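Notes to accompany the following structure.
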Amino acid sequence: MTDPDLPREADGDHAARLRASFTAQAATFEEPTLNAAFTAGLGWLVEAAAPRAIDRCLDLAAGTGLVGRALAPHVAHVTCVDATPAMLAQGRAAAESESLTNVAFVLGDATAPVVPPGTIDLVVTRFSLHHVPDPEGLLRAMVAACRPGGRIVVHDLASSPDPELAACQDAIETWRDDSHLRAPVVGEVADLLRRLGAQVDRTDQRTYTRPLEPWLAQSVTAPDRAEQVRAAFADELAGGRPTGFRAEQREDGVWFTQTWELTVAHRP
Amino acid sequence: MNLDPALLDILVCPQCRATLAVDVDRDELVCNMCRLAYPVRDDIPVMLVGEARSLTD
């Protein structure tokens, strides 16, 4: 496998790469045949968020607002903030087709909140920390936006506590989608939230085993990079270097396992 | 410009956190503290300082 320590560019370049990546993915982001994973854990998150009818919610780095739209029937209002116009356009169209009238979309930087501090009842982010150069900044923004007693829910990939495996996982994720930077290690989000003054109520991990090819198709991965990913899994299956994703050969192709982590906290 | 009133109630300037005034004629949300006008494109507010129009020029 190639050195997983891929070079990192300046934040401005990453912001452009992020927008380009998610503009390319906007059409496939919620395609159920390619991205069943995205809807698979939604109920888990909504249940953990314990939404109430009076809640004003903020979905940061919301993408198409998938989480915000799932929360909308249970709460008073949701504001979805994301930096990619194509994702917001898809989200707004979906909200209209779902007859949701209490979801708003805002183009913005998730680390520079567009709401007054200490005013939001429920702040969520899902599958975002691994894309941002300053994950602590995003968590800080979540805590700051939250009112005292309000909840913070973070759902993301969780990488292995073994640094070598975590580096392999990040390398593969980055080949697949070059806007991936680094997934938090299991328990890291809870540690960061505590450091930022939040009180962590719960962390849960789940594993999600999924087929490789739809994963690559959904992210519109370039052919040469997709080959790097396939080669890494093939190497592991042949007894070579572990990827951290526990590749397995099934009748219909290669499958692999990600770990997802849900962290629920509140602002004291 | 067709913006959700509940959104207008909570949106603030990402730079200074001041409340915003609506400029219906220009499709903009104006921060009078920073003298910045944030565009609204396709009914989606663009709350990025780098894309705001300066009102001091």
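Every chain in the structure tokens has a letter given in the order shown (A, B, ...), and although residue numbers restart at 1 in each chain, ligands are simply numbered from 1 in the order shown.
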
Set the cut-off to 7 Å and count only C-alpha atoms: what are the residues of chain B that reach chain A? Output as JSON, numbers by chain. {"B": [4, 7, 10, 11, 12, 13, 14, 17, 44, 45, 46, 47, 48]}

Which residues are near B:Val49? Cut-off 8 Å, only C-alpha atoms, ignore same chain within fewer than 2 positions. Put them as a list in words.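 Using only C-alpha atoms, the neighbours found are Pro14, Gln15, Leu36, Tyr38, Met47, Glu51 and Ala52 of chain B.
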
Per DSSP on the backbone, filter chain B down to the residues in strand (DSSP E) and report them as an NGL selection string. :B and (21-23 or 28-31 or 36-41 or 44-47 or 53-54)

Could you turn the residues from that selection into a file that holds all heavy atoms, as a compact mmCIF listing (two decimals), in the first residue's frame?
# COMPACT_ATOMS: atom_id res chain seq x y z
N ALA B 21 -30.69 42.98 8.64
CA ALA B 21 -31.85 43.64 8.03
C ALA B 21 -32.07 43.04 6.64
O ALA B 21 -31.12 42.68 5.96
CB ALA B 21 -31.60 45.14 7.94
N VAL B 22 -33.32 42.96 6.23
CA VAL B 22 -33.64 42.39 4.92
C VAL B 22 -33.74 43.51 3.89
O VAL B 22 -34.47 44.48 4.09
CB VAL B 22 -34.97 41.61 4.98
CG1 VAL B 22 -35.30 41.02 3.60
CG2 VAL B 22 -34.90 40.52 6.04
N ASP B 23 -32.99 43.38 2.80
CA ASP B 23 -33.12 44.31 1.68
C ASP B 23 -33.83 43.55 0.56
O ASP B 23 -33.20 42.79 -0.19
CB ASP B 23 -31.73 44.79 1.23
CG ASP B 23 -31.82 45.83 0.12
OD1 ASP B 23 -32.84 45.85 -0.59
OD2 ASP B 23 -30.86 46.62 -0.03
N GLU B 28 -30.84 40.76 -0.42
CA GLU B 28 -29.66 40.71 0.45
C GLU B 28 -30.09 40.78 1.92
O GLU B 28 -31.15 41.33 2.25
CB GLU B 28 -28.71 41.88 0.14
CG GLU B 28 -28.00 41.75 -1.18
CD GLU B 28 -27.13 42.96 -1.48
OE1 GLU B 28 -27.39 44.07 -0.94
OE2 GLU B 28 -26.18 42.80 -2.28
N LEU B 29 -29.22 40.24 2.77
CA LEU B 29 -29.37 40.40 4.21
C LEU B 29 -28.21 41.27 4.68
O LEU B 29 -27.04 40.96 4.41
CB LEU B 29 -29.33 39.03 4.91
CG LEU B 29 -30.43 38.05 4.47
CD1 LEU B 29 -30.23 36.70 5.14
CD2 LEU B 29 -31.81 38.60 4.81
N VAL B 30 -28.55 42.35 5.35
CA VAL B 30 -27.55 43.39 5.61
C VAL B 30 -27.15 43.40 7.08
O VAL B 30 -28.01 43.44 7.97
CB VAL B 30 -28.11 44.77 5.20
CG1 VAL B 30 -27.14 45.88 5.58
CG2 VAL B 30 -28.40 44.78 3.70
N CYS B 31 -25.83 43.39 7.30
CA CYS B 31 -25.30 43.62 8.65
C CYS B 31 -24.84 45.06 8.72
O CYS B 31 -23.86 45.45 8.06
CB CYS B 31 -24.12 42.67 8.94
SG CYS B 31 -23.37 43.05 10.54
N LEU B 36 -21.82 44.88 5.74
CA LEU B 36 -21.74 43.82 4.74
C LEU B 36 -23.15 43.41 4.33
O LEU B 36 -24.07 43.40 5.16
CB LEU B 36 -21.03 42.58 5.31
CG LEU B 36 -19.53 42.67 5.54
CD1 LEU B 36 -19.02 41.41 6.25
CD2 LEU B 36 -18.77 42.87 4.21
N ALA B 37 -23.30 43.09 3.04
CA ALA B 37 -24.59 42.62 2.53
C ALA B 37 -24.41 41.20 2.01
O ALA B 37 -23.63 40.95 1.09
CB ALA B 37 -25.09 43.53 1.42
N TYR B 38 -25.12 40.27 2.65
CA TYR B 38 -25.02 38.85 2.27
C TYR B 38 -26.08 38.55 1.21
O TYR B 38 -27.26 38.84 1.43
CB TYR B 38 -25.24 37.96 3.50
CG TYR B 38 -24.17 38.12 4.55
CD1 TYR B 38 -24.33 39.02 5.61
CD2 TYR B 38 -22.98 37.41 4.46
CE1 TYR B 38 -23.33 39.19 6.57
CE2 TYR B 38 -21.98 37.57 5.42
CZ TYR B 38 -22.16 38.45 6.46
OH TYR B 38 -21.18 38.62 7.40
N PRO B 39 -25.66 37.98 0.09
CA PRO B 39 -26.64 37.70 -0.96
C PRO B 39 -27.58 36.56 -0.60
O PRO B 39 -27.24 35.69 0.21
CB PRO B 39 -25.75 37.31 -2.16
CG PRO B 39 -24.48 36.81 -1.57
CD PRO B 39 -24.30 37.56 -0.27
N VAL B 40 -28.75 36.58 -1.19
CA VAL B 40 -29.69 35.45 -1.08
C VAL B 40 -29.86 34.91 -2.51
O VAL B 40 -30.33 35.63 -3.39
CB VAL B 40 -31.05 35.89 -0.51
CG1 VAL B 40 -32.01 34.70 -0.46
CG2 VAL B 40 -30.86 36.47 0.89
N ARG B 41 -29.41 33.69 -2.73
CA ARG B 41 -29.46 33.12 -4.08
C ARG B 41 -30.43 31.94 -4.09
O ARG B 41 -30.28 31.03 -3.29
CB ARG B 41 -28.06 32.64 -4.51
CG ARG B 41 -27.06 33.77 -4.61
CD ARG B 41 -25.71 33.28 -5.14
NE ARG B 41 -24.73 34.36 -5.01
CZ ARG B 41 -23.50 34.20 -4.51
NH1 ARG B 41 -23.10 33.00 -4.13
NH2 ARG B 41 -22.68 35.23 -4.40
N ILE B 44 -31.79 30.95 -0.87
CA ILE B 44 -30.88 30.40 0.15
C ILE B 44 -29.88 31.50 0.54
O ILE B 44 -29.11 31.96 -0.30
CB ILE B 44 -30.15 29.14 -0.36
CG1 ILE B 44 -31.16 28.01 -0.58
CG2 ILE B 44 -29.06 28.71 0.61
CD1 ILE B 44 -30.56 26.73 -1.12
N PRO B 45 -29.89 31.93 1.81
CA PRO B 45 -28.94 32.96 2.24
C PRO B 45 -27.50 32.44 2.14
O PRO B 45 -27.22 31.30 2.53
CB PRO B 45 -29.31 33.21 3.71
CG PRO B 45 -30.69 32.67 3.87
CD PRO B 45 -30.82 31.55 2.89
N VAL B 46 -26.63 33.28 1.61
CA VAL B 46 -25.21 32.92 1.48
C VAL B 46 -24.47 33.64 2.61
O VAL B 46 -24.08 34.80 2.49
CB VAL B 46 -24.66 33.33 0.10
CG1 VAL B 46 -23.17 32.97 0.00
CG2 VAL B 46 -25.45 32.64 -1.01
N MET B 47 -24.29 32.94 3.73
CA MET B 47 -23.74 33.58 4.93
C MET B 47 -22.22 33.38 5.01
O MET B 47 -21.68 32.90 6.00
CB MET B 47 -24.44 33.04 6.17
CG MET B 47 -25.96 33.19 6.15
SD MET B 47 -26.51 34.88 5.81
CE MET B 47 -25.91 35.70 7.26
N ARG B 53 -21.15 41.53 0.03
CA ARG B 53 -20.82 42.79 -0.64
C ARG B 53 -20.55 43.86 0.42
O ARG B 53 -21.33 44.02 1.36
CB ARG B 53 -22.02 43.21 -1.51
CG ARG B 53 -21.82 44.46 -2.34
CD ARG B 53 -22.98 44.66 -3.30
NE ARG B 53 -24.24 44.92 -2.60
CZ ARG B 53 -24.65 46.13 -2.25
NH1 ARG B 53 -23.91 47.20 -2.52
NH2 ARG B 53 -25.82 46.29 -1.63
N SER B 54 -19.40 44.53 0.27
CA SER B 54 -19.08 45.59 1.23
C SER B 54 -19.94 46.81 0.95
O SER B 54 -20.10 47.23 -0.20
CB SER B 54 -17.59 45.95 1.12
OG SER B 54 -17.35 47.10 1.91

Just checking: using only C-alpha atoms, which residue out of A:Ala198, A:Leu262, A:Leu122, A:Ala145 ends up closest to A:Gly43? A:Leu262
